[in-house]
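What's in work-v2.cif: mmCIF, C-alpha atoms, pLDDT in the B column; chains and numbers go by the auth columns
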data_my_file
loop_
_atom_site.group_PDB
_atom_site.id
_atom_site.type_symbol
_atom_site.label_atom_id
_atom_site.label_comp_id
_atom_site.label_asym_id
_atom_site.label_seq_id
_atom_site.Cartn_x
_atom_site.Cartn_y
_atom_site.Cartn_z
_atom_site.B_iso_or_equiv
_atom_site.auth_seq_id
_atom_site.auth_asym_id
ATOM 1 C CA MET A 1 105.887 123.625 112.140 58.00 1 E
ATOM 2 C CA THR A 2 105.830 121.285 109.136 70.00 2 E
ATOM 3 C CA GLN A 3 102.687 119.249 108.633 89.00 3 E
ATOM 4 C CA THR A 4 102.864 115.571 107.732 95.00 4 E
ATOM 5 C CA PRO A 5 102.072 115.132 104.045 97.00 5 E
ATOM 6 C CA HIS A 6 99.000 113.235 102.920 98.00 6 E
ATOM 7 C CA LEU A 7 98.899 110.517 100.283 98.00 7 E
ATOM 8 C CA ALA A 8 97.171 111.259 96.965 98.00 8 E
ATOM 9 C CA GLU A 9 96.267 108.449 94.583 98.00 9 E
ATOM 10 C CA LEU A 10 94.920 108.226 91.071 97.00 10 E
ATOM 11 C CA ASN A 11 93.828 104.901 89.636 94.00 11 E
ATOM 12 C CA PHE A 12 92.132 104.337 86.330 93.00 12 E
ATOM 13 C CA GLY A 13 91.401 101.789 83.672 91.00 13 E
ATOM 14 C CA THR A 14 89.111 101.105 80.741 90.00 14 E
ATOM 15 C CA LEU A 15 86.130 98.846 81.225 92.00 15 E
ATOM 16 C CA LYS A 16 85.992 95.867 78.860 92.00 16 E
ATOM 17 C CA TYR A 17 82.355 96.330 78.020 93.00 17 E
ATOM 18 C CA GLY A 18 81.461 99.930 78.841 88.00 18 E
ATOM 19 C CA TRP A 19 79.354 101.531 81.542 93.00 19 E
ATOM 20 C CA ASP A 20 75.949 100.488 80.202 94.00 20 E
ATOM 21 C CA ASP A 21 76.770 96.900 79.308 96.00 21 E
ATOM 22 C CA PRO A 22 75.076 94.293 81.561 96.00 22 E
ATOM 23 C CA ARG A 23 78.462 92.614 82.103 96.00 23 E
ATOM 24 C CA SER A 24 79.602 95.774 83.938 96.00 24 E
ATOM 25 C CA LYS A 25 76.476 95.934 86.110 96.00 25 E
ATOM 26 C CA ASP A 26 77.979 94.544 89.327 96.00 26 E
ATOM 27 C CA PHE A 27 80.878 96.979 89.052 96.00 27 E
ATOM 28 C CA VAL A 28 78.673 99.994 88.320 96.00 28 E
ATOM 29 C CA ASP A 29 76.116 99.036 90.986 97.00 29 E
ATOM 30 C CA GLY A 30 78.882 98.689 93.591 96.00 30 E
ATOM 31 C CA LEU A 31 80.502 102.079 93.097 96.00 31 E
ATOM 32 C CA ASP A 32 78.320 103.931 95.602 96.00 32 E
ATOM 33 C CA LEU A 33 78.948 101.231 98.209 97.00 33 E
ATOM 34 C CA VAL A 34 82.720 101.233 97.710 97.00 34 E
ATOM 35 C CA ASN A 35 82.937 105.039 97.613 97.00 35 E
ATOM 36 C CA GLY A 36 80.711 105.280 100.684 97.00 36 E
ATOM 37 C CA ILE A 37 82.932 102.911 102.635 97.00 37 E
ATOM 38 C CA ALA A 38 85.981 104.888 101.538 97.00 38 E
ATOM 39 C CA ALA A 39 84.404 108.123 102.749 97.00 39 E
ATOM 40 C CA GLN A 40 83.698 106.545 106.154 97.00 40 E
ATOM 41 C CA SER A 41 87.165 104.973 106.465 97.00 41 E
ATOM 42 C CA ASP A 42 89.648 106.145 109.039 97.00 42 E
ATOM 43 C CA GLY A 43 92.236 108.252 107.248 98.00 43 E
ATOM 44 C CA PHE A 44 90.070 109.178 104.256 98.00 44 E
ATOM 45 C CA ILE A 45 90.345 112.889 103.509 98.00 45 E
ATOM 46 C CA TRP A 46 88.866 113.633 100.097 98.00 46 E
ATOM 47 C CA ARG A 47 87.785 112.189 96.745 98.00 47 E
ATOM 48 C CA LEU A 48 87.189 114.097 93.533 97.00 48 E
ATOM 49 C CA PRO A 49 83.393 114.395 93.333 96.00 49 E
ATOM 50 C CA ASP A 50 81.624 112.152 90.820 94.00 50 E
ATOM 51 C CA ASP A 51 80.419 115.030 88.632 95.00 51 E
ATOM 52 C CA ASP A 52 83.938 116.456 88.381 95.00 52 E
ATOM 53 C CA MET A 53 85.449 113.049 87.579 95.00 53 E
ATOM 54 C CA ASP A 54 82.734 112.366 85.014 93.00 54 E
ATOM 55 C CA ALA A 55 83.481 115.695 83.331 94.00 55 E
ATOM 56 C CA ALA A 56 87.209 114.897 83.303 94.00 56 E
ATOM 57 C CA GLN A 57 86.562 111.461 81.820 92.00 57 E
ATOM 58 C CA ARG A 58 84.338 112.899 79.054 91.00 58 E
ATOM 59 C CA ASP A 59 86.524 115.881 78.124 93.00 59 E
ATOM 60 C CA PRO A 60 88.023 115.239 74.657 93.00 60 E
ATOM 61 C CA ALA A 61 90.855 117.675 75.425 92.00 61 E
ATOM 62 C CA GLY A 62 91.401 116.341 78.953 90.00 62 E
ATOM 63 C CA ALA A 63 93.739 113.821 80.485 90.00 63 E
ATOM 64 C CA PHE A 64 91.622 110.802 79.513 89.00 64 E
ATOM 65 C CA ARG A 65 90.825 112.097 76.001 89.00 65 E
ATOM 66 C CA ALA A 66 87.153 111.044 76.402 87.00 66 E
ATOM 67 C CA GLN A 67 88.018 107.386 75.899 85.00 67 E
ATOM 68 C CA PRO A 68 84.831 105.338 76.278 85.00 68 E
ATOM 69 C CA GLY A 69 84.663 103.224 79.404 88.00 69 E
ATOM 70 C CA ILE A 70 87.275 105.063 81.470 91.00 70 E
ATOM 71 C CA ALA A 71 86.768 104.500 85.198 92.00 71 E
ATOM 72 C CA ALA A 72 88.928 106.560 87.547 94.00 72 E
ATOM 73 C CA THR A 73 89.283 107.593 91.164 96.00 73 E
ATOM 74 C CA LEU A 74 91.338 110.447 92.570 98.00 74 E
ATOM 75 C CA SER A 75 91.549 110.622 96.349 98.00 75 E
ATOM 76 C CA VAL A 76 93.633 111.817 99.287 98.00 76 E
ATOM 77 C CA TRP A 77 94.375 109.808 102.422 98.00 77 E
ATOM 78 C CA ARG A 78 96.034 110.645 105.728 97.00 78 E
ATOM 79 C CA ASP A 79 98.756 108.046 105.150 95.00 79 E
ATOM 80 C CA ALA A 80 99.636 104.800 103.380 94.00 80 E
ATOM 81 C CA PRO A 81 98.279 102.472 106.104 93.00 81 E
ATOM 82 C CA SER A 82 94.863 104.176 105.884 96.00 82 E
ATOM 83 C CA LEU A 83 94.647 103.724 102.126 96.00 83 E
ATOM 84 C CA GLU A 84 96.046 100.213 102.368 94.00 84 E
ATOM 85 C CA HIS A 85 93.460 99.238 104.975 94.00 85 E
ATOM 86 C CA PHE A 86 90.623 100.496 102.759 96.00 86 E
ATOM 87 C CA VAL A 87 91.950 98.757 99.638 94.00 87 E
ATOM 88 C CA TRP A 88 92.657 95.371 101.212 92.00 88 E
ATOM 89 C CA ASN A 89 90.404 95.088 104.300 93.00 89 E
ATOM 90 C CA THR A 90 87.021 96.336 103.090 95.00 90 E
ATOM 91 C CA VAL A 91 84.554 95.407 100.364 95.00 91 E
ATOM 92 C CA HIS A 92 86.960 97.111 97.931 94.00 92 E
ATOM 93 C CA ARG A 93 89.077 93.958 98.104 92.00 93 E
ATOM 94 C CA GLN A 94 86.173 91.921 96.664 94.00 94 E
ATOM 95 C CA PHE A 95 85.918 94.328 93.741 93.00 95 E
ATOM 96 C CA TYR A 96 89.667 94.157 93.198 89.00 96 E
ATOM 97 C CA ALA A 97 89.434 90.352 93.142 90.00 97 E
ATOM 98 C CA ARG A 98 86.817 90.573 90.373 92.00 98 E
ATOM 99 C CA ARG A 99 88.709 93.091 88.248 89.00 99 E
ATOM 100 C CA HIS A 100 89.306 90.490 85.504 89.00 100 E
ATOM 101 C CA GLU A 101 85.550 90.431 84.875 92.00 101 E
ATOM 102 C CA TRP A 102 85.401 94.165 84.194 93.00 102 E
ATOM 103 C CA TYR A 103 88.835 95.128 82.899 88.00 103 E
ATOM 104 C CA ASP A 104 91.420 93.752 80.529 77.00 104 E
ATOM 105 C CA VAL A 105 93.870 93.766 83.407 66.00 105 E
ATOM 106 C CA ILE A 106 97.136 93.318 81.517 62.00 106 E
ATOM 107 C CA GLY A 107 98.325 96.783 80.553 62.00 107 E
ATOM 108 C CA ASN A 108 95.147 98.343 81.931 61.00 108 E
ATOM 109 C CA SER A 109 95.836 98.733 85.611 62.00 109 E
ATOM 110 C CA HIS A 110 97.015 102.278 86.187 88.00 110 E
ATOM 111 C CA LEU A 111 97.931 103.558 89.626 93.00 111 E
ATOM 112 C CA VAL A 112 100.059 106.409 90.838 97.00 112 E
ATOM 113 C CA MET A 113 100.522 107.845 94.302 97.00 113 E
ATOM 114 C CA TRP A 114 102.316 110.931 95.547 98.00 114 E
ATOM 115 C CA TRP A 115 102.584 113.068 98.667 97.00 115 E
ATOM 116 C CA VAL A 116 100.600 116.306 98.972 98.00 116 E
ATOM 117 C CA GLN A 117 100.489 118.987 101.609 97.00 117 E
ATOM 118 C CA PRO A 118 97.459 118.904 103.904 97.00 118 E
ATOM 119 C CA GLY A 119 94.590 120.847 102.350 97.00 119 E
ATOM 120 C CA HIS A 120 95.775 120.356 98.771 97.00 120 E
ATOM 121 C CA ARG A 121 93.169 118.863 96.423 98.00 121 E
ATOM 122 C CA PRO A 122 94.923 117.435 93.378 98.00 122 E
ATOM 123 C CA THR A 123 93.481 117.661 89.889 97.00 123 E
ATOM 124 C CA VAL A 124 93.150 114.918 87.309 96.00 124 E
ATOM 125 C CA ASP A 125 95.769 116.702 85.202 95.00 125 E
ATOM 126 C CA GLU A 126 98.148 116.706 88.164 97.00 126 E
ATOM 127 C CA GLY A 127 97.528 113.010 88.709 97.00 127 E
ATOM 128 C CA MET A 128 98.089 112.179 85.060 95.00 128 E
ATOM 129 C CA ALA A 129 101.340 114.163 85.040 96.00 129 E
ATOM 130 C CA ARG A 130 102.472 112.088 88.037 97.00 130 E
ATOM 131 C CA PHE A 131 101.332 108.901 86.281 96.00 131 E
ATOM 132 C CA HIS A 132 103.359 109.752 83.167 95.00 132 E
ATOM 133 C CA HIS A 133 106.368 110.630 85.330 96.00 133 E
ATOM 134 C CA ARG A 134 106.155 107.230 87.010 95.00 134 E
ATOM 135 C CA ARG A 135 105.765 105.466 83.681 93.00 135 E
ATOM 136 C CA THR A 136 108.862 107.240 82.334 94.00 136 E
ATOM 137 C CA HIS A 137 111.103 107.192 85.417 96.00 137 E
ATOM 138 C CA GLY A 138 109.770 104.334 87.544 94.00 138 E
ATOM 139 C CA ASP A 139 109.064 104.783 91.226 95.00 139 E
ATOM 140 C CA THR A 140 110.539 107.992 92.614 96.00 140 E
ATOM 141 C CA ASP A 141 109.594 110.240 95.497 95.00 141 E
ATOM 142 C CA HIS A 142 107.681 112.321 92.922 97.00 142 E
ATOM 143 C CA ALA A 143 105.372 109.494 91.765 97.00 143 E
ATOM 144 C CA PHE A 144 105.189 105.893 92.906 95.00 144 E
ATOM 145 C CA GLY A 145 103.229 102.711 93.492 92.00 145 E
ATOM 146 C CA TRP A 146 102.766 100.416 96.483 89.00 146 E
ATOM 147 C CA ALA A 147 106.285 98.979 96.277 87.00 147 E
ATOM 148 C CA HIS A 148 107.788 102.410 97.014 87.00 148 E
ATOM 149 C CA LEU A 149 105.950 102.719 100.336 87.00 149 E
ATOM 150 C CA GLN A 150 107.951 101.136 103.139 77.00 150 E
ATOM 151 C CA ASP A 151 104.969 100.999 105.500 73.00 151 E
ATOM 152 C CA ALA A 152 102.680 99.282 102.957 65.00 152 E
ATOM 153 C CA GLN A 153 102.835 95.498 102.977 63.00 153 E
ATOM 154 C CA MET A 154 99.306 94.195 102.371 59.00 154 E
ATOM 155 C CA TRP A 155 99.595 94.557 98.591 57.00 155 E
ATOM 156 C CA LYS A 156 102.233 91.807 98.676 51.00 156 E
ATOM 157 C CA ASP A 157 100.050 89.504 100.761 60.00 157 E
ATOM 158 C CA ARG A 158 97.037 90.112 98.529 54.00 158 E
ATOM 159 C CA ASN A 159 98.911 89.315 95.306 54.00 159 E
ATOM 160 C CA CYS A 160 98.551 92.784 93.876 54.00 160 E
ATOM 161 C CA SER A 161 99.249 92.954 90.171 50.00 161 E
ATOM 162 C CA PRO A 162 102.885 93.990 89.565 45.00 162 E
ATOM 163 C CA ALA A 163 101.583 96.674 87.173 45.00 163 E
ATOM 164 C CA SER A 164 99.699 98.207 90.086 50.00 164 E
ATOM 165 C CA ALA A 165 102.480 97.894 92.615 48.00 165 E
#
Can you present the structure in this file as structure tokens?
Amino acid sequence: MTQTPHLAELNFGTLKYGWDDPRSKDFVDGLDLVNGIAAQSDGFIWRLPDDDMDAAQRDPAGAFRAQPGIAATLSVWRDAPSLEHFVWNTVHRQFYARRHEWYDVIGNSHLVMWWVQPGHRPTVDEGMARFHHRRTHGDTDHAFGWAHLQDAQMWKDRNCSPASA
């Protein structure tokens, strides 16, 4: 019996002002709230733990090359509607609406999604390989954005950045 695949997502960007800058305070202070709501959301399966993501972000030989101010999330969801509901129907939406305050949004909104088998926990390197595949080949079944998901529509209604779609 084949199990229904789950949806993995990696999103990342570089903060305008850095983690310790007072202009990033609302973003930094809201991370525990947003991540807590994600963890309690129907369809949430897993998120790379903070310590592991922090290590990946600081690793000079890693996927992010220790660029200052990198903020990233790697998570797995039961399906696209579950992730879409979290992104657009929870407090996350308020943070997305304020992204211009914290990020230089043009050219700095990086998202990739892909299907994984139940139980698989993707790595940052895996996510970055999928991101680079999408950047090179556009949306494919191997790596894609919101526009590739037929059952995801809220991103259109919420005026999602085309770079993130």
Q.
Once the PyMOL selection byres ((chain E and resi 80) around 8) has been evaluated on this model, what residues remain selected, and can you format them as a PyMOL selection string?
A. chain E and resi 7+77-79+81-84+149+151-152
Q. Which value, in Å to one decimal, gives the distance between CA of Ala71 in chain E and CA of Leu31 in chain E?
A.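 If I compute the distance from CA of Ala71 in chain E to CA of Leu31 in chain E, I get 10.4 Å.
Rounded to one decimal, CA of Phe44 in chain E and CA of His85 in chain E lie 10.5 Å from each other.
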Q: Find the residue from E:Tyr17, E:Phe131, E:Tyr103, E:Trp114 that sits nearest to His148 in chain E; use all atoms listed in the file when measuring.
A: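 Going through E:Tyr17, E:Phe131, E:Tyr103, E:Trp114 one by one, the smallest distance to His148 in chain E is for E:Trp114.
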Provide an axis-aligned box for all listed atoms of range 115-134 of chain E, padding each side by 5 Å; report its centre and its edge lengths in Å to one decimal, as AutoDock Vina command-line options.
--center_x 99.8 --center_y 114.0 --center_z 93.5 --size_x 23.2 --size_y 23.6 --size_z 30.7
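CA of Gln67 in chain E lies 27.8 Å from CA of Val116 in chain E.
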Q: Find the residues near Asp104 in chain E: any atom within 8 Å, counting all atoms listed in the file, skip ones fewer than 4 places away on the same chain, and give them as a PyMOL selection string.
A: chain E and resi 14-16+100+108
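Minimum atom-to-atom distance to Pro49 in chain E, evaluated using all atoms listed in the file, belongs to E:Val124 out of E:Val124, E:Ala147, E:Ala97, E:Leu111.
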